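The block underneath contains the structure these notes are about, expressed in structure tokens.
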Amino acid sequence: MALTKRLLRLPNAFGGAASGLRLLHLSRPAASALPGIQAAQLQKTLTTTPKALVAKEKLVFGHVFTDHMLTIDWTAKSGWAAPQIQPYGPLQIDPCCAVLHYALECFDGLKAYRDTQGKVRLFRPDKNMERLNSSAERLYLPQFDGEQVLACIKELLRTEERWVPHGRGYSLYLRPTMISTENTLGVHRSNSAKLFVIASPCGPYFPTGFKAVSLYCDETNVRAWPGGVGNKKLGANYAPSIGPQVAAEDKGYQQVLWTIGEEYELMEVGTMNLFVYWRNDAGELELVTPPLDGTILPGVTRDSVLELARGWGDFKVSERKITMKQVARASDEGRLLEVFGAGTACVVTPVNRIHFQGTDYHVPLDPADATSQAGPLAARVYDTLFAIQYGEQPSKCDSISLIY
């Protein structure tokens with residue numbers, strides 16, 4: 001994050017033939033004959049002091065945790081140990097543990113929803129397993145069988161059934177995490193690791209309805225760069241964003257708009273994928289999001305928004321580079337229609353204002369309703385995804401899991 005755009009303002013700085021930029025293609029950790037994760041070996045130790053449930057109206061994201069967690073240990077000598085569901089509690093690690101010194105950690109996030117029939121369901125959880133494996137591979141942490149881990153997660157959900165809230169907008173957030181537990185100093189591959197999953201009940205991101213946010217386009221810091229790890233969900237990607245986020249808040253804005261390069265190519269908004277809906281230079285209605293070029297996190301919600309929009313066929317849908325200068329010009333010319341972020345926590349977050357180079361560019365929301373906090377497209381995406389996640393509407397996705 002300390003890398004500035006000035007360092008990237010070089011001819012063909014994004015990997016063209018003339019740039020001299022060499023990208024190192026990492027080899028995949030070698031396949032192992034050691035034991036993999038086996039859900040059939042799952043062992044349970046249940047708490048004898050279950051916690052009292054918190055009223056769902058008082059839930060704050062990430063503040064309340066369930067009675068149990070899933071843990072699975074790995075060593076280079078023995079492979080994956082038997083999965084354990086055990087009482088939620090502190091992890092015991094050595095002070096020299098590599099995760100504490102070299103940020104050898106990755107994670108993911110997904111939600112369990114209770115549908116209108118009272119059944120618990122997961123939305124495209126296979127995508128989260130794929131992404132977690134990809135993140136672990138980049139850190140040279142062990143790979144795992146996603147189907148087996150999902151089977152363990154489903155058993156954790158059965159164990160924690162009472163913690164899955166009822167009601168549209170309520171869910172149980174799941175945080176799968178992998179850390180190095182190597183007990184030596186020095187930057188090298190890990191010989192031991194732990195995969196664990198904790199669960200936190202949460203309420204609607206917008207409890208009183210949509211609330212559009214303002215963005216501050218950071219012209220100094222970058223979130224990710226070519227050849228980096230912007231497409232992986234690593235804790236090391238998030239910690240450096242706190243300073244720029246606080247600076248944006250101090251200026252009166254709610255989120256950072258991340259860009260890169262002389263033309264300020266759009267990347268992400270806060271911790272979300274970014275979408276721009278406009279009438280492009282050719283006069284076409286178009287929904288645009290930055291491409292997965294290695295700097296953008298491949299969001300599950302991002303992919304779902306694209307799939308929905310392409311299925312509707314009402315406008316052009318593009319994954320391509322788009323710059324803040326183009327957005328500013330479109331705003332000046334009255335062609336900018338909507339901007340929104342998309343992610344697991346919020347589903348969709350509308351944007352009403354972007355600060356760029358000393359100017360606030362106001363983003364239209366709903367021209368038919370001056371009081372609206374969301375544009376028609378953002379609201380349509382939000383309502384459709386919610387309906388699918390809560391089982392109110394059938395989906396073409398083949399990876400929605402009913403737990404029970």
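Within each chain, counting starts at residue 1; across the structure tokens, chains are named A, B, ... in the order shown, with ligands numbered 1 upward in that order.
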Near Gly283 in chain A, within 12 Å and counting only C-alpha atoms, which residues show up once chain neighbours fewer than 5 positions away are dropped, as an mmCIF file with all heavy atoms, in the first residue's frame?
data_model
loop_
_atom_site.group_PDB
_atom_site.id
_atom_site.type_symbol
_atom_site.label_atom_id
_atom_site.label_comp_id
_atom_site.auth_asym_id
_atom_site.auth_seq_id
_atom_site.Cartn_x
_atom_site.Cartn_y
_atom_site.Cartn_z
ATOM 1 N N TRP A 278 -23.541 3.144 -17.007
ATOM 2 C CA TRP A 278 -23.544 4.413 -17.720
ATOM 3 C C TRP A 278 -24.012 4.237 -19.155
ATOM 4 O O TRP A 278 -24.273 3.118 -19.606
ATOM 5 C CB TRP A 278 -22.163 5.043 -17.684
ATOM 6 C CG TRP A 278 -21.060 4.262 -18.418
ATOM 7 C CD1 TRP A 278 -21.150 3.051 -19.042
ATOM 8 C CD2 TRP A 278 -19.700 4.683 -18.554
ATOM 9 N NE1 TRP A 278 -19.942 2.686 -19.552
ATOM 10 C CE2 TRP A 278 -19.025 3.662 -19.286
ATOM 11 C CE3 TRP A 278 -18.979 5.799 -18.162
ATOM 12 C CZ2 TRP A 278 -17.670 3.741 -19.615
ATOM 13 C CZ3 TRP A 278 -17.635 5.870 -18.486
ATOM 14 C CH2 TRP A 278 -17.001 4.861 -19.195
ATOM 15 N N PHE A 315 -28.932 -4.709 -21.275
ATOM 16 C CA PHE A 315 -27.882 -3.741 -21.560
ATOM 17 C C PHE A 315 -26.573 -4.510 -21.749
ATOM 18 O O PHE A 315 -26.465 -5.701 -21.425
ATOM 19 C CB PHE A 315 -27.736 -2.722 -20.416
ATOM 20 C CG PHE A 315 -27.798 -3.344 -19.042
ATOM 21 C CD1 PHE A 315 -26.680 -3.954 -18.467
ATOM 22 C CD2 PHE A 315 -28.987 -3.343 -18.318
ATOM 23 C CE1 PHE A 315 -26.742 -4.542 -17.227
ATOM 24 C CE2 PHE A 315 -29.054 -3.929 -17.054
ATOM 25 C CZ PHE A 315 -27.921 -4.533 -16.512
ATOM 26 N N LYS A 316 -25.588 -3.828 -22.257
ATOM 27 C CA LYS A 316 -24.273 -4.424 -22.465
ATOM 28 C C LYS A 316 -23.587 -4.635 -21.125
ATOM 29 O O LYS A 316 -23.673 -3.791 -20.228
ATOM 30 C CB LYS A 316 -23.428 -3.498 -23.352
ATOM 31 C CG LYS A 316 -22.072 -4.048 -23.735
ATOM 32 C CD LYS A 316 -21.357 -3.084 -24.678
ATOM 33 C CE LYS A 316 -20.009 -3.627 -25.135
ATOM 34 N NZ LYS A 316 -19.339 -2.696 -26.070
ATOM 35 N N ALA A 330 -17.992 11.336 -18.032
ATOM 36 C CA ALA A 330 -19.368 10.864 -18.202
ATOM 37 C C ALA A 330 -20.313 11.600 -17.265
ATOM 38 O O ALA A 330 -21.449 11.926 -17.630
ATOM 39 C CB ALA A 330 -19.440 9.362 -17.957
ATOM 40 N N GLU A 333 -21.032 14.990 -18.623
ATOM 41 C CA GLU A 333 -21.869 14.935 -19.821
ATOM 42 C C GLU A 333 -23.238 14.321 -19.568
ATOM 43 O O GLU A 333 -24.022 14.120 -20.500
ATOM 44 C CB GLU A 333 -21.141 14.144 -20.910
ATOM 45 C CG GLU A 333 -19.839 14.817 -21.369
ATOM 46 C CD GLU A 333 -19.027 13.952 -22.325
ATOM 47 O OE1 GLU A 333 -19.464 12.795 -22.613
ATOM 48 O OE2 GLU A 333 -17.960 14.403 -22.777
ATOM 49 N N GLY A 334 -23.529 13.980 -18.310
ATOM 50 C CA GLY A 334 -24.840 13.435 -17.974
ATOM 51 C C GLY A 334 -25.034 11.986 -18.388
ATOM 52 O O GLY A 334 -26.175 11.514 -18.468
ATOM 53 N N ARG A 335 -23.945 11.259 -18.605
ATOM 54 C CA ARG A 335 -24.047 9.860 -19.039
ATOM 55 C C ARG A 335 -23.860 8.861 -17.899
ATOM 56 O O ARG A 335 -24.084 7.670 -18.084
ATOM 57 C CB ARG A 335 -23.000 9.572 -20.124
ATOM 58 C CG ARG A 335 -23.217 10.355 -21.409
ATOM 59 C CD ARG A 335 -22.236 9.937 -22.501
ATOM 60 N NE ARG A 335 -20.862 10.374 -22.232
ATOM 61 C CZ ARG A 335 -19.881 9.582 -21.839
ATOM 62 N NH1 ARG A 335 -20.108 8.282 -21.637
ATOM 63 N NH2 ARG A 335 -18.662 10.068 -21.623
ATOM 64 N N LEU A 336 -23.436 9.336 -16.737
ATOM 65 C CA LEU A 336 -23.232 8.446 -15.598
ATOM 66 C C LEU A 336 -24.571 8.175 -14.920
ATOM 67 O O LEU A 336 -25.273 9.109 -14.518
ATOM 68 C CB LEU A 336 -22.254 9.082 -14.614
ATOM 69 C CG LEU A 336 -21.876 8.249 -13.386
ATOM 70 C CD1 LEU A 336 -21.182 6.951 -13.792
ATOM 71 C CD2 LEU A 336 -20.980 9.059 -12.447
#
As number ranges by chain, which residues of range 31-230 of chain A does DSSP assign to helix (DSSP H, G or I)? A: 39-41, 56-58, 98-102, 125-138, 146-159, 161-163
Residues just named, written with C-alpha atoms as a compact mmCIF listing (two decimals), in the first residue's frame:
# COMPACT_ATOMS: atom_id res chain seq x y z
CA ALA A 39 -14.94 -35.33 6.59
CA ALA A 40 -15.73 -38.91 7.62
CA GLN A 41 -13.05 -38.60 10.32
CA LYS A 56 -31.14 -10.54 16.30
CA GLU A 57 -32.03 -6.84 16.35
CA LYS A 58 -28.93 -6.21 18.48
CA ALA A 98 5.26 -17.29 11.21
CA VAL A 99 1.72 -15.90 10.92
CA LEU A 100 2.58 -13.25 13.53
CA HIS A 101 5.78 -12.11 11.82
CA TYR A 102 5.33 -12.63 8.07
CA PRO A 125 -19.87 -22.13 -1.35
CA ASP A 126 -17.72 -24.04 -3.85
CA LYS A 127 -16.52 -20.66 -5.17
CA ASN A 128 -15.28 -19.71 -1.70
CA MET A 129 -13.39 -22.99 -1.39
CA GLU A 130 -11.75 -22.43 -4.79
CA ARG A 131 -10.70 -18.91 -3.81
CA LEU A 132 -9.36 -19.98 -0.40
CA ASN A 133 -7.29 -22.71 -2.08
CA SER A 134 -5.96 -20.14 -4.56
CA SER A 135 -5.00 -17.77 -1.74
CA ALA A 136 -3.31 -20.58 0.21
CA GLU A 137 -1.37 -21.64 -2.87
CA ARG A 138 0.08 -18.13 -3.28
CA GLY A 146 -12.94 -28.21 -1.08
CA GLU A 147 -15.76 -30.76 -1.02
CA GLN A 148 -14.41 -32.35 2.14
CA VAL A 149 -14.02 -29.00 3.89
CA LEU A 150 -17.53 -28.03 2.85
CA ALA A 151 -18.85 -31.26 4.33
CA CYS A 152 -17.15 -30.31 7.61
CA ILE A 153 -18.58 -26.78 7.43
CA LYS A 154 -22.07 -28.19 6.90
CA GLU A 155 -21.67 -30.31 10.02
CA LEU A 156 -20.57 -27.20 11.91
CA LEU A 157 -23.78 -25.52 10.70
CA ARG A 158 -25.87 -28.44 11.91
CA THR A 159 -24.13 -28.18 15.27
CA GLU A 161 -28.34 -24.55 13.97
CA ARG A 162 -29.82 -22.39 16.73
CA TRP A 163 -27.42 -19.58 15.81
Near-Pro290 in chain A list (8 Å; only C-alpha atoms; drop same-chain fewer than 2 positions) as a PyMOL selection string: chain A and resi 266-267+274-275+288+292+296+319-322
Can those selected residues be exported to a file as a short mmCIF file (atom, residue, chain, number, x, y, z; two decimals), in the first residue's frame so that it contains N, CA and C atoms?
data_model
loop_
_atom_site.label_atom_id
_atom_site.label_comp_id
_atom_site.auth_asym_id
_atom_site.auth_seq_id
_atom_site.Cartn_x
_atom_site.Cartn_y
_atom_site.Cartn_z
N LEU A 266 -9.80 2.34 -12.53
CA LEU A 266 -10.58 1.91 -11.37
C LEU A 266 -10.21 0.48 -10.98
N MET A 267 -10.16 0.24 -9.67
CA MET A 267 -9.85 -1.09 -9.17
C MET A 267 -11.00 -1.61 -8.30
N LEU A 274 -16.21 -3.22 -7.79
CA LEU A 274 -16.82 -1.98 -8.25
C LEU A 274 -17.56 -2.17 -9.57
N PHE A 275 -18.74 -1.54 -9.67
CA PHE A 275 -19.52 -1.55 -10.91
C PHE A 275 -19.91 -0.13 -11.28
N VAL A 288 -20.20 -1.87 -16.38
CA VAL A 288 -18.77 -2.16 -16.50
C VAL A 288 -18.19 -2.47 -15.13
N LEU A 292 -10.58 -9.23 -14.33
CA LEU A 292 -9.77 -10.02 -13.41
C LEU A 292 -8.38 -10.18 -14.02
N ILE A 296 -7.46 -7.65 -9.19
CA ILE A 296 -8.84 -7.57 -8.69
C ILE A 296 -9.23 -8.87 -8.02
N GLU A 319 -16.47 -6.62 -18.81
CA GLU A 319 -15.34 -6.69 -17.88
C GLU A 319 -14.16 -6.08 -18.62
N ARG A 320 -13.87 -4.84 -18.32
CA ARG A 320 -12.80 -4.15 -19.04
C ARG A 320 -12.27 -3.00 -18.20
N LYS A 321 -11.16 -2.45 -18.63
CA LYS A 321 -10.57 -1.34 -17.91
C LYS A 321 -11.41 -0.08 -18.09
N ILE A 322 -11.56 0.66 -17.03
CA ILE A 322 -12.30 1.92 -17.04
C ILE A 322 -11.58 2.86 -16.08
#
Between A:His63, A:Arg124, A:Arg223, A:Arg353, which residue has the minimum interatomic distance to Gln254 in chain A, considering only C-alpha atoms? A:Arg353
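Using only C-alpha atoms, the protein and nucleic acid residues lying no more than 8 Å from Tyr264 in chain A, apart from those fewer than 6 places from it along its own chain, are Glu219, Thr323, Met324 and Lys325 of chain A.
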Could those residues be written to a file, using N, CA, C and O atoms, as a CSV table (one decimal), in the first residue's frame?
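Contents of the output file again_20.csv:
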chain,number,residue,atom,x,y,z
A,219,GLU,N,-5.4,9.3,-4.6
A,219,GLU,CA,-4.5,9.5,-5.7
A,219,GLU,C,-3.0,9.2,-5.4
A,219,GLU,O,-2.1,9.4,-6.2
A,323,THR,N,-11.5,4.1,-16.4
A,323,THR,CA,-10.7,5.1,-15.6
A,323,THR,C,-11.6,6.1,-14.9
A,323,THR,O,-12.7,6.3,-15.3
A,324,MET,N,-11.0,6.7,-13.9
A,324,MET,CA,-11.8,7.7,-13.1
A,324,MET,C,-12.0,8.9,-14.0
A,324,MET,O,-13.0,9.6,-13.9
A,325,LYS,N,-11.0,9.2,-14.9
A,325,LYS,CA,-11.1,10.3,-15.8
A,325,LYS,C,-12.3,10.1,-16.7
A,325,LYS,O,-13.1,11.0,-17.0
Dump as CSV the rows for residues of range 97-210 of chain A within 9 Å of range 384-395 of chain A: closest atom pair and distance in Å with one decimal, only C-alpha atoms counted, ordered by chain and rising residue number.
residue,atom,partner,partner_atom,distance
A:Ala112,CA,A:Gln389,CA,8.8
A:Tyr113,CA,A:Tyr390,CA,6.1
A:Arg114,CA,A:Tyr390,CA,6.4
A:Asp115,CA,A:Tyr390,CA,4.5
A:Thr116,CA,A:Gly391,CA,6.8
A:Gln117,CA,A:Gly391,CA,8.4
A:Val120,CA,A:Tyr390,CA,8.8
A:Arg121,CA,A:Gln389,CA,7.6
A:Leu122,CA,A:Gln389,CA,7.6
A:Phe123,CA,A:Gln389,CA,6.1
A:Arg168,CA,A:Tyr390,CA,7.1
A:Gly169,CA,A:Phe386,CA,7.8
Please produce a file of the residues just selected, as an mmCIF file, in the first residue's frame, where the atoms kept are N, CA and C atoms.
data_model
loop_
_atom_site.group_PDB
_atom_site.id
_atom_site.type_symbol
_atom_site.label_atom_id
_atom_site.label_comp_id
_atom_site.auth_asym_id
_atom_site.auth_seq_id
_atom_site.Cartn_x
_atom_site.Cartn_y
_atom_site.Cartn_z
ATOM 1 N N ALA A 112 -24.495 -18.367 5.700
ATOM 2 C CA ALA A 112 -25.568 -19.355 5.726
ATOM 3 C C ALA A 112 -26.879 -18.606 5.961
ATOM 4 N N TYR A 113 -27.899 -18.922 5.159
ATOM 5 C CA TYR A 113 -29.186 -18.217 5.210
ATOM 6 C C TYR A 113 -30.277 -19.200 5.610
ATOM 7 N N ARG A 114 -31.264 -18.714 6.349
ATOM 8 C CA ARG A 114 -32.431 -19.540 6.661
ATOM 9 C C ARG A 114 -33.561 -19.122 5.732
ATOM 10 N N ASP A 115 -34.036 -20.055 4.937
ATOM 11 C CA ASP A 115 -35.033 -19.705 3.919
ATOM 12 C C ASP A 115 -36.442 -19.655 4.500
ATOM 13 N N THR A 116 -37.396 -19.418 3.626
ATOM 14 C CA THR A 116 -38.780 -19.244 4.067
ATOM 15 C C THR A 116 -39.381 -20.525 4.637
ATOM 16 N N GLN A 117 -38.749 -21.675 4.347
ATOM 17 C CA GLN A 117 -39.210 -22.947 4.888
ATOM 18 C C GLN A 117 -38.457 -23.327 6.162
ATOM 19 N N VAL A 120 -31.681 -24.236 6.165
ATOM 20 C CA VAL A 120 -30.446 -23.463 6.078
ATOM 21 C C VAL A 120 -29.772 -23.762 4.742
ATOM 22 N N ARG A 121 -29.274 -22.719 4.100
ATOM 23 C CA ARG A 121 -28.691 -22.876 2.769
ATOM 24 C C ARG A 121 -27.436 -22.021 2.634
ATOM 25 N N LEU A 122 -26.524 -22.493 1.800
ATOM 26 C CA LEU A 122 -25.312 -21.763 1.441
ATOM 27 C C LEU A 122 -25.399 -21.360 -0.017
ATOM 28 N N PHE A 123 -24.862 -20.201 -0.345
ATOM 29 C CA PHE A 123 -24.911 -19.669 -1.699
ATOM 30 C C PHE A 123 -23.536 -19.776 -2.361
ATOM 31 N N ARG A 168 -35.451 -12.217 6.694
ATOM 32 C CA ARG A 168 -34.747 -11.730 5.503
ATOM 33 C C ARG A 168 -33.709 -10.678 5.913
ATOM 34 N N GLY A 169 -32.514 -10.850 5.431
ATOM 35 C CA GLY A 169 -31.433 -9.940 5.769
ATOM 36 C C GLY A 169 -30.539 -10.451 6.888
#
Within 6 Å of Val351 in chain A, counting only C-alpha atoms, which residues qualify if same-chain residues fewer than 4 places away don't, as a compact mmCIF listing (two decimals) with all heavy atoms, in the first residue's frame?
# COMPACT_ATOMS: atom_id res chain seq x y z
N ALA A 212 -26.78 5.14 0.59
CA ALA A 212 -25.70 5.34 -0.37
C ALA A 212 -24.47 5.93 0.32
O ALA A 212 -24.59 6.69 1.29
CB ALA A 212 -26.17 6.24 -1.51
N VAL A 213 -23.28 5.61 -0.19
CA VAL A 213 -22.04 6.05 0.43
C VAL A 213 -21.28 6.99 -0.50
O VAL A 213 -21.49 7.00 -1.72
CB VAL A 213 -21.14 4.86 0.81
CG1 VAL A 213 -21.85 3.93 1.77
CG2 VAL A 213 -20.69 4.09 -0.44
N SER A 214 -20.38 7.76 0.09
CA SER A 214 -19.51 8.65 -0.67
C SER A 214 -18.11 8.06 -0.73
O SER A 214 -17.66 7.39 0.20
CB SER A 214 -19.46 10.03 -0.01
OG SER A 214 -19.02 9.93 1.34
N VAL A 339 -23.32 3.96 -9.76
CA VAL A 339 -22.07 3.33 -9.33
C VAL A 339 -22.40 2.55 -8.06
O VAL A 339 -23.10 3.07 -7.19
CB VAL A 339 -20.96 4.37 -9.06
CG1 VAL A 339 -19.71 3.67 -8.53
CG2 VAL A 339 -20.64 5.18 -10.31
N PHE A 340 -21.92 1.31 -7.96
CA PHE A 340 -22.15 0.57 -6.72
C PHE A 340 -21.03 -0.44 -6.49
O PHE A 340 -20.34 -0.88 -7.41
CB PHE A 340 -23.52 -0.12 -6.71
CG PHE A 340 -23.79 -1.07 -7.85
CD1 PHE A 340 -23.42 -2.41 -7.78
CD2 PHE A 340 -24.45 -0.63 -8.99
CE1 PHE A 340 -23.69 -3.28 -8.82
CE2 PHE A 340 -24.73 -1.49 -10.05
CZ PHE A 340 -24.36 -2.82 -9.96
Which value, in Å to one decimal, gives the distance between CA of Thr371 in chain A and CA of Phe210 in chain A?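 Between CA of Thr371 in chain A and CA of Phe210 in chain A the gap is 10.9 Å.
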If we count only C-alpha atoms and set the cut-off at 12 Å, which residues sit around Arg380 in chain A, ignoring sequence neighbours fewer than 4 positions away in its own chain? Please answer as a list in words.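 My reading of the contact set: Val305, Leu308, Ala309, Trp312, Val347, Val348, Pro350, Asp366, Ala374, Gly375, Pro376, Thr384, Leu385, Phe386 and Ala387 of chain A.
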In terms of the shortest atom-to-atom distance over only C-alpha atoms, which of A:Gly109, A:Gly235, A:Gly230, A:Gly252 is closest to Val300 in chain A?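 Comparing A:Gly109, A:Gly235, A:Gly230, A:Gly252 against Val300 in chain A, the winner is A:Gly109.
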Which residues, written as a PDB file with N, CA, C and O atoms, in the first residue's frame, have at least one atom at most 10 Å from Glu105 in chain A, with only C-alpha atoms counted and residues fewer than 6 positions away on the same chain left out?
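The new file out-v8.pdb reads:
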ATOM      1  N   ALA A  98       5.052 -18.036  12.457  1.00  0.00           N
ATOM      2  CA  ALA A  98       5.264 -17.291  11.214  1.00  0.00           C
ATOM      3  C   ALA A  98       4.098 -16.370  10.877  1.00  0.00           C
ATOM      4  O   ALA A  98       4.302 -15.301  10.288  1.00  0.00           O
ATOM      5  N   VAL A  99       2.860 -16.749  11.253  1.00  0.00           N
ATOM      6  CA  VAL A  99       1.716 -15.899  10.924  1.00  0.00           C
ATOM      7  C   VAL A  99       1.831 -14.542  11.609  1.00  0.00           C
ATOM      8  O   VAL A  99       1.370 -13.524  11.079  1.00  0.00           O
ATOM      9  N   SER A 135      -5.738 -18.654  -2.655  1.00  0.00           N
ATOM     10  CA  SER A 135      -5.003 -17.774  -1.744  1.00  0.00           C
ATOM     11  C   SER A 135      -3.925 -18.554  -0.993  1.00  0.00           C
ATOM     12  O   SER A 135      -2.784 -18.086  -0.850  1.00  0.00           O
ATOM     13  N   ALA A 136      -4.281 -19.762  -0.526  1.00  0.00           N
ATOM     14  CA  ALA A 136      -3.314 -20.580   0.209  1.00  0.00           C
ATOM     15  C   ALA A 136      -2.139 -20.960  -0.688  1.00  0.00           C
ATOM     16  O   ALA A 136      -0.977 -20.954  -0.246  1.00  0.00           O
ATOM     17  N   LEU A 139       0.612 -18.414  -0.905  1.00  0.00           N
ATOM     18  CA  LEU A 139       1.445 -18.352   0.288  1.00  0.00           C
ATOM     19  C   LEU A 139       2.230 -19.644   0.516  1.00  0.00           C
ATOM     20  O   LEU A 139       2.932 -19.777   1.512  1.00  0.00           O
ATOM     21  N   LEU A 141       0.943 -22.377   1.336  1.00  0.00           N
ATOM     22  CA  LEU A 141       0.286 -23.142   2.386  1.00  0.00           C
ATOM     23  C   LEU A 141      -0.392 -24.345   1.739  1.00  0.00           C
ATOM     24  O   LEU A 141      -0.599 -24.365   0.520  1.00  0.00           O
ATOM     25  N   THR A 177     -10.399 -19.684   7.600  1.00  0.00           N
ATOM     26  CA  THR A 177      -9.092 -19.031   7.681  1.00  0.00           C
ATOM     27  C   THR A 177      -8.001 -20.094   7.711  1.00  0.00           C
ATOM     28  O   THR A 177      -8.166 -21.142   8.330  1.00  0.00           O
ATOM     29  N   MET A 178      -6.882 -19.808   7.029  1.00  0.00           N
ATOM     30  CA  MET A 178      -5.724 -20.687   7.127  1.00  0.00           C
ATOM     31  C   MET A 178      -4.513 -19.859   7.558  1.00  0.00           C
ATOM     32  O   MET A 178      -4.264 -18.788   6.998  1.00  0.00           O
ATOM     33  N   ILE A 179      -3.790 -20.360   8.544  1.00  0.00           N
ATOM     34  CA  ILE A 179      -2.609 -19.670   9.035  1.00  0.00           C
ATOM     35  C   ILE A 179      -1.424 -20.629   9.072  1.00  0.00           C
ATOM     36  O   ILE A 179      -1.588 -21.842   9.232  1.00  0.00           O
ATOM     37  N   SER A 180      -0.229 -20.065   8.922  1.00  0.00           N
ATOM     38  CA  SER A 180       0.977 -20.846   9.179  1.00  0.00           C
ATOM     39  C   SER A 180       1.184 -20.934  10.679  1.00  0.00           C
ATOM     40  O   SER A 180       1.061 -19.947  11.400  1.00  0.00           O
ATOM     41  N   THR A 181       1.497 -22.136  11.158  1.00  0.00           N
ATOM     42  CA  THR A 181       1.815 -22.315  12.573  1.00  0.00           C
ATOM     43  C   THR A 181       3.277 -22.715  12.752  1.00  0.00           C
ATOM     44  O   THR A 181       3.656 -23.279  13.782  1.00  0.00           O
ATOM     45  N   ALA A 193       0.485 -25.869   9.538  1.00  0.00           N
ATOM     46  CA  ALA A 193      -0.575 -24.888   9.285  1.00  0.00           C
ATOM     47  C   ALA A 193      -1.843 -25.318   9.991  1.00  0.00           C
ATOM     48  O   ALA A 193      -1.993 -26.470  10.408  1.00  0.00           O
ATOM     49  N   LYS A 194      -2.764 -24.363  10.130  1.00  0.00           N
ATOM     50  CA  LYS A 194      -4.073 -24.655  10.721  1.00  0.00           C
ATOM     51  C   LYS A 194      -5.149 -24.011   9.864  1.00  0.00           C
ATOM     52  O   LYS A 194      -5.057 -22.829   9.501  1.00  0.00           O
ATOM     53  N   LEU A 195      -6.150 -24.790   9.521  1.00  0.00           N
ATOM     54  CA  LEU A 195      -7.352 -24.300   8.867  1.00  0.00           C
ATOM     55  C   LEU A 195      -8.465 -24.295   9.910  1.00  0.00           C
ATOM     56  O   LEU A 195      -8.688 -25.302  10.581  1.00  0.00           O
ATOM     57  N   LYS A 233      -7.208 -13.390  -1.291  1.00  0.00           N
ATOM     58  CA  LYS A 233      -7.829 -12.844  -0.080  1.00  0.00           C
ATOM     59  C   LYS A 233      -6.877 -13.076   1.101  1.00  0.00           C
ATOM     60  O   LYS A 233      -7.047 -14.010   1.901  1.00  0.00           O
ATOM     61  N   LEU A 234      -5.881 -12.211   1.178  1.00  0.00           N
ATOM     62  CA  LEU A 234      -4.859 -12.297   2.211  1.00  0.00           C
ATOM     63  C   LEU A 234      -5.061 -11.175   3.222  1.00  0.00           C
ATOM     64  O   LEU A 234      -5.373 -10.041   2.848  1.00  0.00           O
ATOM     65  N   GLY A 235      -4.823 -11.476   4.495  1.00  0.00           N
ATOM     66  CA  GLY A 235      -4.901 -10.424   5.499  1.00  0.00           C
ATOM     67  C   GLY A 235      -3.945  -9.285   5.189  1.00  0.00           C
ATOM     68  O   GLY A 235      -4.223  -8.118   5.485  1.00  0.00           O
ATOM     69  N   ALA A 236      -2.814  -9.610   4.546  1.00  0.00           N
ATOM     70  CA  ALA A 236      -1.817  -8.601   4.209  1.00  0.00           C
ATOM     71  C   ALA A 236      -2.336  -7.577   3.208  1.00  0.00           C
ATOM     72  O   ALA A 236      -1.750  -6.498   3.069  1.00  0.00           O
TER      73      ALA A 236
END
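The spacing separating CA of Val164 in chain A from CA of Lys396 in chain A amounts to 24.8 Å.
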Pick out the closest residue to Ile93 in chain A from this set: A:Ser192, A:Lys77, A:Glu286, A:Thr47. Count only C-alpha atoms. A:Ser192
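CA of Pro35 in chain A to CA of Ala81 in chain A spans 7.7 Å [interatomic distance, one decimal].
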Apply DSSP to the structure's backbone, then extract all residues of range 185-334 of chain A labelled strand (DSSP E) and return them as a VMD selection string. chain A and resid 192 to 202 213 to 217 255 to 260 265 to 269 272 to 279 285 to 289 316 to 319
Can you write out the residues you just picked, keeping C-alpha atoms, as a CSV table (one decimal), in the first residue's frame?
chain,number,residue,atom,x,y,z
A,192,SER,CA,2.7,-26.7,9.7
A,193,ALA,CA,-0.6,-24.9,9.3
A,194,LYS,CA,-4.1,-24.7,10.7
A,195,LEU,CA,-7.4,-24.3,8.9
A,196,PHE,CA,-10.2,-23.1,11.0
A,197,VAL,CA,-13.8,-21.8,10.6
A,198,ILE,CA,-15.6,-19.5,13.0
A,199,ALA,CA,-19.2,-18.4,12.7
A,200,SER,CA,-20.9,-15.1,13.6
A,201,PRO,CA,-24.6,-14.3,13.4
A,202,CYS,CA,-25.3,-10.9,11.7
A,213,VAL,CA,-22.0,6.1,0.4
A,214,SER,CA,-19.5,8.7,-0.7
A,215,LEU,CA,-16.1,7.8,-2.1
A,216,TYR,CA,-12.7,9.5,-1.9
A,217,CYS,CA,-10.5,8.6,-4.9
A,255,GLN,CA,-15.0,4.6,1.5
A,256,VAL,CA,-11.8,4.7,-0.5
A,257,LEU,CA,-12.0,4.4,-4.3
A,258,TRP,CA,-8.8,2.5,-5.3
A,259,THR,CA,-7.2,3.3,-8.6
A,260,ILE,CA,-3.8,2.8,-10.4
A,265,GLU,CA,-7.8,3.0,-13.7
A,266,LEU,CA,-10.6,1.9,-11.4
A,267,MET,CA,-9.9,-1.1,-9.2
A,268,GLU,CA,-12.1,-1.6,-6.1
A,269,VAL,CA,-14.1,0.4,-3.7
A,272,MET,CA,-15.8,-4.4,-2.5
A,273,ASN,CA,-15.8,-5.0,-6.2
A,274,LEU,CA,-16.8,-2.0,-8.2
A,275,PHE,CA,-19.5,-1.6,-10.9
A,276,VAL,CA,-20.3,1.5,-13.1
A,277,TYR,CA,-23.6,1.7,-15.0
A,278,TRP,CA,-23.5,4.4,-17.7
A,279,ARG,CA,-24.2,5.3,-21.3
A,285,LEU,CA,-26.3,1.4,-21.9
A,286,GLU,CA,-23.4,-0.6,-20.3
A,287,LEU,CA,-22.6,-2.1,-16.9
A,288,VAL,CA,-18.8,-2.2,-16.5
A,289,THR,CA,-16.5,-3.7,-13.9
A,316,LYS,CA,-24.3,-4.4,-22.5
A,317,VAL,CA,-22.2,-6.1,-19.7
A,318,SER,CA,-18.4,-5.7,-19.8
A,319,GLU,CA,-15.3,-6.7,-17.9
